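Structure below is work-v9.pdb: PDB, C-alpha atoms, pLDDT in the B column.
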```pdb
ATOM      1  CA  MET A 389     -89.084  92.141  74.701  1.00 51.00           C
ATOM      2  CA  VAL A 390     -88.917  88.390  75.181  1.00 47.00           C
ATOM      3  CA  LYS A 391     -89.478  87.878  71.446  1.00 48.00           C
ATOM      4  CA  VAL A 392     -86.645  90.254  70.614  1.00 46.00           C
ATOM      5  CA  LYS A 393     -84.234  88.367  72.932  1.00 48.00           C
ATOM      6  CA  ALA A 394     -85.337  85.070  71.417  1.00 49.00           C
ATOM      7  CA  ILE A 395     -84.740  86.409  67.908  1.00 48.00           C
ATOM      8  CA  LEU A 396     -81.295  87.734  68.898  1.00 46.00           C
ATOM      9  CA  LYS A 397     -80.373  84.388  70.466  1.00 52.00           C
ATOM     10  CA  LEU A 398     -81.553  82.569  67.337  1.00 47.00           C
ATOM     11  CA  GLY A 399     -79.542  84.904  65.122  1.00 50.00           C
ATOM     12  CA  LEU A 400     -76.439  84.430  67.275  1.00 48.00           C
ATOM     13  CA  LEU A 401     -76.871  80.674  67.152  1.00 47.00           C
ATOM     14  CA  ILE A 402     -77.216  80.690  63.361  1.00 49.00           C
ATOM     15  CA  SER A 403     -74.089  82.893  63.070  1.00 50.00           C
ATOM     16  CA  LEU A 404     -72.106  80.514  65.250  1.00 46.00           C
ATOM     17  CA  LEU A 405     -73.278  77.560  63.169  1.00 44.00           C
ATOM     18  CA  LEU A 406     -72.227  79.306  59.926  1.00 44.00           C
ATOM     19  CA  VAL A 407     -68.825  80.204  61.346  1.00 43.00           C
ATOM     20  CA  ALA A 408     -68.333  76.620  62.540  1.00 43.00           C
ATOM     21  CA  LEU A 409     -69.387  75.219  59.139  1.00 41.00           C
ATOM     22  CA  PHE A 410     -67.066  77.610  57.279  1.00 44.00           C
ATOM     23  CA  THR A 411     -64.155  76.685  59.556  1.00 44.00           C
ATOM     24  CA  PHE A 412     -64.864  72.975  59.098  1.00 39.00           C
ATOM     25  CA  GLN A 413     -64.908  73.360  55.298  1.00 45.00           C
ATOM     26  CA  ARG A 414     -61.589  75.224  55.341  1.00 44.00           C
ATOM     27  CA  LEU A 415     -60.017  72.601  57.557  1.00 38.00           C
ATOM     28  CA  THR A 416     -61.429  69.805  55.405  1.00 42.00           C
ATOM     29  CA  PHE A 417     -60.123  71.277  52.128  1.00 40.00           C
ATOM     30  CA  THR A 418     -56.749  72.084  53.700  1.00 40.00           C
ATOM     31  CA  ASP A 419     -56.418  68.550  55.043  1.00 41.00           C
ATOM     32  CA  LEU A 420     -57.472  67.167  51.658  1.00 36.00           C
ATOM     33  CA  ASN A 421     -54.846  69.247  49.838  1.00 43.00           C
ATOM     34  CA  LEU A 422     -52.183  68.127  52.285  1.00 39.00           C
ATOM     35  CA  PHE A 423     -53.267  64.517  51.799  1.00 38.00           C
ATOM     36  CA  VAL A 424     -53.169  64.788  48.005  1.00 39.00           C
ATOM     37  CA  ARG A 425     -49.766  66.477  48.133  1.00 45.00           C
ATOM     38  CA  SER A 426     -48.494  63.822  50.506  1.00 44.00           C
ATOM     39  CA  MET A 427     -49.786  61.013  48.296  1.00 46.00           C
ATOM     40  CA  SER A 428     -48.288  62.541  45.142  1.00 45.00           C
ATOM     41  CA  SER A 429     -44.921  62.906  46.827  1.00 51.00           C
ATOM     42  CA  GLN A 430     -45.031  59.225  47.720  1.00 55.00           C
ATOM     43  CA  GLN A 431     -45.582  58.123  44.111  1.00 54.00           C
ATOM     44  CA  PRO A 432     -42.600  56.041  42.980  1.00 57.00           C
ATOM     45  CA  THR A 433     -40.362  57.948  40.555  1.00 61.00           C
ATOM     46  CA  ALA A 434     -39.537  56.244  37.299  1.00 59.00           C
ATOM     47  CA  LYS A 435     -36.001  54.917  37.307  1.00 60.00           C
ATOM     48  CA  PRO A 436     -33.860  56.051  34.368  1.00 62.00           C
ATOM     49  CA  ILE A 437     -33.296  53.309  31.833  1.00 72.00           C
ATOM     50  CA  ASN A 438     -29.628  52.606  31.239  1.00 80.00           C
ATOM     51  CA  LEU A 439     -29.291  51.683  27.586  1.00 88.00           C
ATOM     52  CA  LYS A 440     -26.390  49.709  26.178  1.00 90.00           C
ATOM     53  CA  CYS A 441     -23.263  51.754  25.446  1.00 92.00           C
ATOM     54  CA  GLY A 442     -25.061  54.879  26.660  1.00 87.00           C
ATOM     55  CA  LEU A 443     -27.259  55.174  23.559  1.00 90.00           C
ATOM     56  CA  SER A 444     -30.240  57.516  23.606  1.00 84.00           C
ATOM     57  CA  ARG A 445     -32.709  54.849  22.473  1.00 86.00           C
ATOM     58  CA  PRO A 446     -32.870  51.058  22.524  1.00 85.00           C
ATOM     59  CA  CYS A 447     -31.876  48.977  19.530  1.00 82.00           C
ATOM     60  CA  PRO A 448     -34.354  46.767  17.655  1.00 85.00           C
ATOM     61  CA  ALA A 449     -34.344  43.068  18.353  1.00 84.00           C
ATOM     62  CA  LYS A 450     -31.614  41.000  16.692  1.00 82.00           C
ATOM     63  CA  HIS A 451     -29.281  43.994  16.388  1.00 89.00           C
ATOM     64  CA  PHE A 452     -26.054  44.848  18.185  1.00 91.00           C
ATOM     65  CA  ALA A 453     -25.815  48.146  20.069  1.00 93.00           C
ATOM     66  CA  PHE A 454     -22.560  50.014  19.513  1.00 93.00           C
ATOM     67  CA  LYS A 455     -20.932  53.382  20.088  1.00 93.00           C
ATOM     68  CA  MET A 456     -17.596  54.682  18.874  1.00 93.00           C
ATOM     69  CA  ASN A 457     -15.441  57.739  19.510  1.00 90.00           C
ATOM     70  CA  SER A 458     -12.415  58.710  17.497  1.00 89.00           C
ATOM     71  CA  GLY A 459      -9.337  59.940  19.287  1.00 83.00           C
ATOM     72  CA  ALA A 460      -9.083  63.663  20.012  1.00 77.00           C
ATOM     73  CA  ALA A 461      -5.846  65.014  18.509  1.00 68.00           C
ATOM     74  CA  SER A 462      -2.973  63.143  20.217  1.00 73.00           C
ATOM     75  CA  ILE A 463      -4.409  63.457  23.734  1.00 81.00           C
ATOM     76  CA  VAL A 464      -7.544  61.352  24.228  1.00 86.00           C
ATOM     77  CA  GLY A 465      -7.628  57.877  22.732  1.00 90.00           C
ATOM     78  CA  PRO A 466     -10.559  56.346  20.818  1.00 94.00           C
ATOM     79  CA  LYS A 467     -13.274  54.259  22.423  1.00 95.00           C
ATOM     80  CA  ILE A 468     -15.275  51.369  20.985  1.00 96.00           C
ATOM     81  CA  CYS A 469     -18.281  49.833  22.761  1.00 96.00           C
ATOM     82  CA  VAL A 470     -20.432  46.895  21.575  1.00 95.00           C
ATOM     83  CA  GLU A 471     -23.384  45.504  23.502  1.00 94.00           C
ATOM     84  CA  ASP A 472     -22.365  47.499  26.592  1.00 93.00           C
ATOM     85  CA  ASN A 473     -18.864  46.020  26.545  1.00 95.00           C
ATOM     86  CA  ILE A 474     -15.934  48.411  26.139  1.00 96.00           C
ATOM     87  CA  LEU A 475     -13.706  46.741  23.569  1.00 97.00           C
ATOM     88  CA  MET A 476     -11.066  49.438  23.208  1.00 97.00           C
ATOM     89  CA  SER A 477     -10.280  52.569  25.205  1.00 95.00           C
ATOM     90  CA  GLY A 478      -7.508  54.475  26.908  1.00 93.00           C
ATOM     91  CA  VAL A 479      -8.659  53.059  30.243  1.00 93.00           C
ATOM     92  CA  LYS A 480      -8.206  49.502  28.943  1.00 94.00           C
ATOM     93  CA  ASN A 481      -4.790  50.553  27.672  1.00 95.00           C
ATOM     94  CA  ASN A 482      -5.286  48.847  24.307  1.00 96.00           C
ATOM     95  CA  VAL A 483      -5.365  51.848  21.936  1.00 96.00           C
ATOM     96  CA  GLY A 484      -2.514  53.633  20.208  1.00 95.00           C
ATOM     97  CA  ARG A 485      -1.498  56.125  17.564  1.00 95.00           C
ATOM     98  CA  GLY A 486      -2.781  55.286  14.081  1.00 95.00           C
ATOM     99  CA  LEU A 487      -5.586  52.873  13.225  1.00 97.00           C
ATOM    100  CA  ASN A 488      -7.373  51.139  16.110  1.00 97.00           C
ATOM    101  CA  ILE A 489      -9.297  48.049  15.019  1.00 98.00           C
ATOM    102  CA  ALA A 490     -11.725  45.725  16.802  1.00 98.00           C
ATOM    103  CA  LEU A 491     -12.891  42.508  15.149  1.00 98.00           C
ATOM    104  CA  VAL A 492     -16.289  41.233  16.301  1.00 97.00           C
ATOM    105  CA  ASN A 493     -18.123  38.015  15.501  1.00 96.00           C
ATOM    106  CA  GLY A 494     -20.952  39.054  13.175  1.00 94.00           C
ATOM    107  CA  SER A 495     -23.319  36.414  14.556  1.00 94.00           C
ATOM    108  CA  THR A 496     -22.734  36.653  18.303  1.00 94.00           C
ATOM    109  CA  GLY A 497     -21.328  40.146  18.850  1.00 94.00           C
ATOM    110  CA  ILE A 498     -18.420  38.629  20.795  1.00 95.00           C
ATOM    111  CA  LEU A 499     -15.008  40.254  20.478  1.00 97.00           C
ATOM    112  CA  ILE A 500     -12.492  38.291  18.402  1.00 98.00           C
ATOM    113  CA  LYS A 501      -9.429  40.510  18.777  1.00 97.00           C
ATOM    114  CA  THR A 502      -8.218  44.109  18.918  1.00 98.00           C
ATOM    115  CA  ALA A 503      -5.142  45.721  17.437  1.00 98.00           C
ATOM    116  CA  TYR A 504      -3.702  49.113  16.590  1.00 97.00           C
ATOM    117  CA  PHE A 505      -1.239  50.049  13.865  1.00 98.00           C
ATOM    118  CA  ASP A 506       1.076  53.051  13.924  1.00 97.00           C
ATOM    119  CA  MET A 507       0.593  54.891  10.635  1.00 96.00           C
ATOM    120  CA  TRP A 508       3.309  57.469  11.361  1.00 95.00           C
ATOM    121  CA  ALA A 509       6.366  55.341  12.114  1.00 95.00           C
ATOM    122  CA  GLY A 510       5.034  51.771  11.901  1.00 96.00           C
ATOM    123  CA  ASP A 511       5.241  49.101   9.201  1.00 97.00           C
ATOM    124  CA  ILE A 512       2.290  49.184   6.789  1.00 97.00           C
ATOM    125  CA  LYS A 513       2.902  45.511   5.935  1.00 97.00           C
ATOM    126  CA  LEU A 514       1.657  44.538   9.400  1.00 98.00           C
ATOM    127  CA  LEU A 515      -1.685  46.279   8.761  1.00 98.00           C
ATOM    128  CA  ILE A 516      -2.031  44.720   5.317  1.00 98.00           C
ATOM    129  CA  LYS A 517      -1.348  41.255   6.721  1.00 98.00           C
ATOM    130  CA  PHE A 518      -3.931  41.833   9.466  1.00 98.00           C
ATOM    131  CA  LEU A 519      -6.581  43.029   7.010  1.00 98.00           C
ATOM    132  CA  LYS A 520      -6.045  40.038   4.724  1.00 98.00           C
ATOM    133  CA  SER A 521      -6.432  37.629   7.644  1.00 98.00           C
ATOM    134  CA  ILE A 522      -9.963  38.802   8.565  1.00 98.00           C
ATOM    135  CA  GLU A 523     -12.482  35.991   8.103  1.00 97.00           C
ATOM    136  CA  GLN A 524     -15.822  36.173   6.315  1.00 96.00           C
ATOM    137  CA  GLY A 525     -18.738  37.402   8.430  1.00 96.00           C
ATOM    138  CA  THR A 526     -16.538  39.419  10.784  1.00 97.00           C
ATOM    139  CA  LEU A 527     -17.563  42.908  11.813  1.00 97.00           C
ATOM    140  CA  VAL A 528     -14.660  45.353  11.525  1.00 98.00           C
ATOM    141  CA  MET A 529     -14.680  48.504  13.663  1.00 98.00           C
ATOM    142  CA  MET A 530     -12.001  51.164  13.092  1.00 97.00           C
ATOM    143  CA  ALA A 531     -11.205  54.448  14.821  1.00 96.00           C
ATOM    144  CA  THR A 532      -8.296  56.807  14.294  1.00 94.00           C
ATOM    145  CA  PHE A 533      -6.007  58.342  16.888  1.00 93.00           C
ATOM    146  CA  ASP A 534      -3.559  61.109  15.985  1.00 91.00           C
ATOM    147  CA  ASP A 535      -2.132  60.387  12.514  1.00 91.00           C
ATOM    148  CA  SER A 536      -3.591  57.455  10.593  1.00 91.00           C
ATOM    149  CA  SER A 537      -2.744  58.228   6.977  1.00 93.00           C
ATOM    150  CA  THR A 538       0.987  58.873   6.492  1.00 95.00           C
ATOM    151  CA  LYS A 539       1.842  55.183   5.947  1.00 95.00           C
ATOM    152  CA  LEU A 540      -1.598  54.260   4.569  1.00 96.00           C
ATOM    153  CA  ASN A 541      -0.849  53.227   0.986  1.00 97.00           C
ATOM    154  CA  GLU A 542      -3.185  52.344  -1.871  1.00 97.00           C
ATOM    155  CA  GLU A 543      -3.175  48.603  -1.115  1.00 98.00           C
ATOM    156  CA  ALA A 544      -4.247  49.159   2.485  1.00 98.00           C
ATOM    157  CA  ARG A 545      -6.888  51.702   1.458  1.00 97.00           C
ATOM    158  CA  LYS A 546      -8.323  49.249  -1.086  1.00 97.00           C
ATOM    159  CA  LEU A 547      -8.527  46.463   1.502  1.00 98.00           C
ATOM    160  CA  ILE A 548     -10.416  48.802   3.864  1.00 98.00           C
ATOM    161  CA  GLY A 549     -12.633  49.883   0.981  1.00 97.00           C
ATOM    162  CA  ASP A 550     -13.481  46.221   0.343  1.00 97.00           C
ATOM    163  CA  LEU A 551     -14.763  46.074   3.941  1.00 97.00           C
ATOM    164  CA  GLY A 552     -17.395  48.678   3.042  1.00 97.00           C
ATOM    165  CA  SER A 553     -15.645  52.022   3.503  1.00 97.00           C
ATOM    166  CA  SER A 554     -16.456  54.795   1.048  1.00 96.00           C
ATOM    167  CA  SER A 555     -14.315  57.499   2.704  1.00 95.00           C
ATOM    168  CA  ILE A 556     -10.979  55.790   3.337  1.00 96.00           C
ATOM    169  CA  SER A 557      -9.516  57.175   0.097  1.00 93.00           C
ATOM    170  CA  ALA A 558     -10.161  60.710   1.409  1.00 92.00           C
ATOM    171  CA  VAL A 559      -8.670  60.279   4.902  1.00 93.00           C
ATOM    172  CA  LYS A 560      -5.765  62.712   5.277  1.00 91.00           C
ATOM    173  CA  PHE A 561      -3.082  63.538   7.835  1.00 90.00           C
ATOM    174  CA  ARG A 562      -4.571  63.582  11.355  1.00 89.00           C
ATOM    175  CA  ASP A 563      -8.158  63.406  10.080  1.00 90.00           C
ATOM    176  CA  ASN A 564     -10.613  61.878  12.542  1.00 91.00           C
ATOM    177  CA  TRP A 565     -12.327  58.823  11.090  1.00 94.00           C
ATOM    178  CA  ILE A 566     -14.574  56.079  12.425  1.00 95.00           C
ATOM    179  CA  PHE A 567     -15.939  53.149  10.465  1.00 96.00           C
ATOM    180  CA  VAL A 568     -17.891  49.918  10.906  1.00 96.00           C
ATOM    181  CA  GLY A 569     -17.805  47.432   8.060  1.00 97.00           C
ATOM    182  CA  GLY A 570     -17.518  43.716   7.507  1.00 97.00           C
ATOM    183  CA  LYS A 571     -15.666  41.043   5.596  1.00 96.00           C
ATOM    184  CA  GLY A 572     -17.855  39.957   2.701  1.00 94.00           C
ATOM    185  CA  ILE A 573     -20.114  43.035   2.813  1.00 91.00           C
ATOM    186  CA  LYS A 574     -21.960  43.553  -0.485  1.00 89.00           C
ATOM    187  CA  ARG A 575     -22.488  47.309  -0.248  1.00 92.00           C
ATOM    188  CA  LYS A 576     -20.943  50.391   1.277  1.00 94.00           C
ATOM    189  CA  SER A 577     -21.426  50.741   5.020  1.00 94.00           C
ATOM    190  CA  PRO A 578     -23.703  53.499   6.404  1.00 93.00           C
ATOM    191  CA  PHE A 579     -21.611  53.585   9.600  1.00 93.00           C
ATOM    192  CA  GLU A 580     -18.772  55.895   8.667  1.00 95.00           C
ATOM    193  CA  GLN A 581     -17.723  59.471   9.435  1.00 92.00           C
ATOM    194  CA  VAL A 582     -14.641  61.512   8.649  1.00 90.00           C
ATOM    195  CA  CYS A 583     -13.779  65.078   9.609  1.00 86.00           C
ATOM    196  CA  SER A 584     -10.875  67.479  10.046  1.00 76.00           C
ATOM    197  CA  PRO A 585      -8.473  67.207  13.014  1.00 71.00           C
ATOM    198  CA  THR A 586     -10.253  70.043  14.840  1.00 63.00           C
ATOM    199  CA  ALA A 587     -13.204  67.877  15.919  1.00 55.00           C
ATOM    200  CA  ASP A 588     -13.531  64.434  17.463  1.00 53.00           C
ATOM    201  CA  LEU A 589     -16.128  61.995  16.182  1.00 54.00           C
ATOM    202  CA  ASN A 590     -18.608  59.777  17.923  1.00 53.00           C
ATOM    203  CA  LYS A 591     -21.239  57.549  16.430  1.00 48.00           C
ATOM    204  CA  GLY A 592     -23.701  55.090  17.888  1.00 42.00           C
ATOM    205  CA  GLY A 593     -26.536  52.914  16.711  1.00 42.00           C
ATOM    206  CA  HIS A 594     -27.292  49.302  15.957  1.00 39.00           C
ATOM    207  CA  LEU A 595     -25.872  46.715  13.594  1.00 37.00           C
TER     208      LEU A 595
END
```
Take the structure in this file and express it as structure tokens.
Amino acid sequence: MVKVKAILKLGLLISLLLVALFTFQRLTFTDLNLFVRSMSSQQPTAKPINLKCGLSRPCPAKHFAFKMNSGAASIVGPKICVEDNILMSGVKNNVGRGLNIALVNGSTGILIKTAYFDMWAGDIKLLIKFLKSIEQGTLVMMATFDDSSTKLNEEARKLIGDLGSSSISAVKFRDNWIFVGGKGIKRKSPFEQVCSPTADLNKGGHL
């Protein structure tokens, strides 16, 4: 009888020890999971990289970042950005109907001047004079707004073609067109797009 009680006590003690061990393991693993979760939540989140002109990837060294938008119909004006500096936009109040042009120093990326020329009711001689005055090594950035072709004659189109444009001869009434060329360029520019008036254009990259 004494042996039976001793055995029962021993069995009860072993059961209590197993229950205690199981509970300890559960608490330990639960605490560990909470700790890991807590530590992971405290990991610093990577800050988004703000690239120049809102581009999707950085430019190679010794290149200028740029992004351009043509005007949308006669409502939203064009926008030209170089090296994270807005050169022309509706907000800056320096864009207008017709051809919008920004001249940029080809060595430094610094803005030289901006201008826009009304190709519906303006004087084409003013555009021709401006184009002829551009100095060698200057980057020339152009974006249309509303109509940019009605007054655009063959002389003006040829001068723009000499800056590297391959599509200027095809630009029609209210077409959307953006272009980056240069005075003294030896080949046609890869930075050019033209489309119908139903869509606005935007282009970005590096020069």
Exercise for review: List the neighbours of A:Gly494 out to 7 Å using only C-alpha atoms; skip same-chain residues closer than 2 positions along the sequence, and give me the result as a list of chain:residue names.
Suggested key: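 Skipping anything fewer than 2 positions along the chain leaves A:Val492, A:Thr496, A:Gly497, A:Gly525, A:Thr526, A:Leu527.
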Practice item. Taking the file as shown, find all residues satisfying the PyMOL selection byres ((chain A and resi 477-483) around 8) and write them as a PyMOL selection string. Key: chain A and resi 464-468+474-476+484-485+488+502-504
For the residues in that selection, give me C-alpha atoms as an mmCIF file, keeping the file's coordinate frame.
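This went into out-v3.cif:
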```cif
data_model
loop_
_atom_site.group_PDB
_atom_site.id
_atom_site.type_symbol
_atom_site.label_atom_id
_atom_site.label_comp_id
_atom_site.auth_asym_id
_atom_site.auth_seq_id
_atom_site.Cartn_x
_atom_site.Cartn_y
_atom_site.Cartn_z
ATOM 1 C CA VAL A 464 -7.544 61.352 24.228
ATOM 2 C CA GLY A 465 -7.628 57.877 22.732
ATOM 3 C CA PRO A 466 -10.559 56.346 20.818
ATOM 4 C CA LYS A 467 -13.274 54.259 22.423
ATOM 5 C CA ILE A 468 -15.275 51.369 20.985
ATOM 6 C CA ILE A 474 -15.934 48.411 26.139
ATOM 7 C CA LEU A 475 -13.706 46.741 23.569
ATOM 8 C CA MET A 476 -11.066 49.438 23.208
ATOM 9 C CA GLY A 484 -2.514 53.633 20.208
ATOM 10 C CA ARG A 485 -1.498 56.125 17.564
ATOM 11 C CA ASN A 488 -7.373 51.139 16.110
ATOM 12 C CA THR A 502 -8.218 44.109 18.918
ATOM 13 C CA ALA A 503 -5.142 45.721 17.437
ATOM 14 C CA TYR A 504 -3.702 49.113 16.590
#
```
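The space separating atom CA of A:Asp563 from atom CA of A:Ser444 comes to 26.6 Å.
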**Study point:** For atom CA of A:Asn541 and atom CA of A:Ile512, the interatomic separation in Å (one decimal)
**Key:** 7.7 Å
Translate the PyMOL selection byres ((chain A and resi 441) around 7) into a concrete residue list for this structure, as a PDB file with C-alpha atoms, in the frame of the given file.
```
ATOM      1  CA  LEU A 439     -29.291  51.683  27.586  1.00 88.00           C
ATOM      2  CA  LYS A 440     -26.390  49.709  26.178  1.00 90.00           C
ATOM      3  CA  GLY A 442     -25.061  54.879  26.660  1.00 87.00           C
ATOM      4  CA  LEU A 443     -27.259  55.174  23.559  1.00 90.00           C
ATOM      5  CA  ALA A 453     -25.815  48.146  20.069  1.00 93.00           C
ATOM      6  CA  PHE A 454     -22.560  50.014  19.513  1.00 93.00           C
ATOM      7  CA  LYS A 455     -20.932  53.382  20.088  1.00 93.00           C
ATOM      8  CA  CYS A 469     -18.281  49.833  22.761  1.00 96.00           C
ATOM      9  CA  VAL A 470     -20.432  46.895  21.575  1.00 95.00           C
ATOM     10  CA  GLU A 471     -23.384  45.504  23.502  1.00 94.00           C
ATOM     11  CA  ASP A 472     -22.365  47.499  26.592  1.00 93.00           C
TER      12      ASP A 472
END
```
Check your understanding: For A:Lys546, which of A:Ala509, A:Leu499, A:Leu519, A:Ile437 is the closest residue, counting all atoms listed in the file?
Key ->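 Looking at the shortest contact to A:Lys546, the residue is A:Leu519.
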Output of the PyMOL selection byres ((chain A and resi 543) around 12), listed as a PDB file with C-alpha atoms, in the frame of the given file:
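Final output, saved to result02.pdb:
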```
ATOM      1  CA  ILE A 512       2.290  49.184   6.789  1.00 97.00           C
ATOM      2  CA  LYS A 513       2.902  45.511   5.935  1.00 97.00           C
ATOM      3  CA  LEU A 515      -1.685  46.279   8.761  1.00 98.00           C
ATOM      4  CA  ILE A 516      -2.031  44.720   5.317  1.00 98.00           C
ATOM      5  CA  LYS A 517      -1.348  41.255   6.721  1.00 98.00           C
ATOM      6  CA  LEU A 519      -6.581  43.029   7.010  1.00 98.00           C
ATOM      7  CA  LYS A 520      -6.045  40.038   4.724  1.00 98.00           C
ATOM      8  CA  LYS A 539       1.842  55.183   5.947  1.00 95.00           C
ATOM      9  CA  LEU A 540      -1.598  54.260   4.569  1.00 96.00           C
ATOM     10  CA  ASN A 541      -0.849  53.227   0.986  1.00 97.00           C
ATOM     11  CA  GLU A 542      -3.185  52.344  -1.871  1.00 97.00           C
ATOM     12  CA  ALA A 544      -4.247  49.159   2.485  1.00 98.00           C
ATOM     13  CA  ARG A 545      -6.888  51.702   1.458  1.00 97.00           C
ATOM     14  CA  LYS A 546      -8.323  49.249  -1.086  1.00 97.00           C
ATOM     15  CA  LEU A 547      -8.527  46.463   1.502  1.00 98.00           C
ATOM     16  CA  ILE A 548     -10.416  48.802   3.864  1.00 98.00           C
ATOM     17  CA  GLY A 549     -12.633  49.883   0.981  1.00 97.00           C
ATOM     18  CA  ASP A 550     -13.481  46.221   0.343  1.00 97.00           C
ATOM     19  CA  ILE A 556     -10.979  55.790   3.337  1.00 96.00           C
ATOM     20  CA  SER A 557      -9.516  57.175   0.097  1.00 93.00           C
TER      21      SER A 557
END
```
**Study point:** Two-atom distance - atom CA of A:Phe579, atom CA of A:Ser553 (Å)
**Key:**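 Atom CA of A:Ser553 lies at a distance of 8.7 Å from atom CA of A:Phe579.
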Exercise for review: Identify, on the basis of only C-alpha atoms, every residue whose closest approach to A:Gln524 does not exceed 9 Å; exclude the query and any residue fewer than 3 positions from it along the same chain; express the result as a list in words.
Suggested key: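 Here the qualifying residues turn out to be Leu527, Gly570, Lys571, Gly572 and Ile573 of chain A.
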Residues near A:Gly552, cut-off 6 Å, all atoms listed in the file, skip fewer than 4 positions along chain, as a tab-separated table (two decimals) with C-alpha atoms, keeping the file's coordinate frame:
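Result saved to selection.tsv:
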```tsv
chain	number	residue	atom	x	y	z
A	569	GLY	CA	-17.80	47.43	8.06
A	576	LYS	CA	-20.94	50.39	1.28
A	577	SER	CA	-21.43	50.74	5.02
```
Exercise for review: Can you work out which one of A:Arg445, A:Ser458, A:His451, A:Phe561 has the shortest atom-to-atom distance to A:Ile489, counting only C-alpha atoms?
Suggested key: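 For A:Ile489, the nearest of the candidates is A:Ser458.
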Review point. Which one of A:Gln581, A:Asn473, A:Ser521, A:Ser537 sits closest to A:Lys560 if you count all atoms listed in the file?
Key: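 Once distances to A:Lys560 are computed over all atoms listed in the file, the minimum belongs to A:Ser537.
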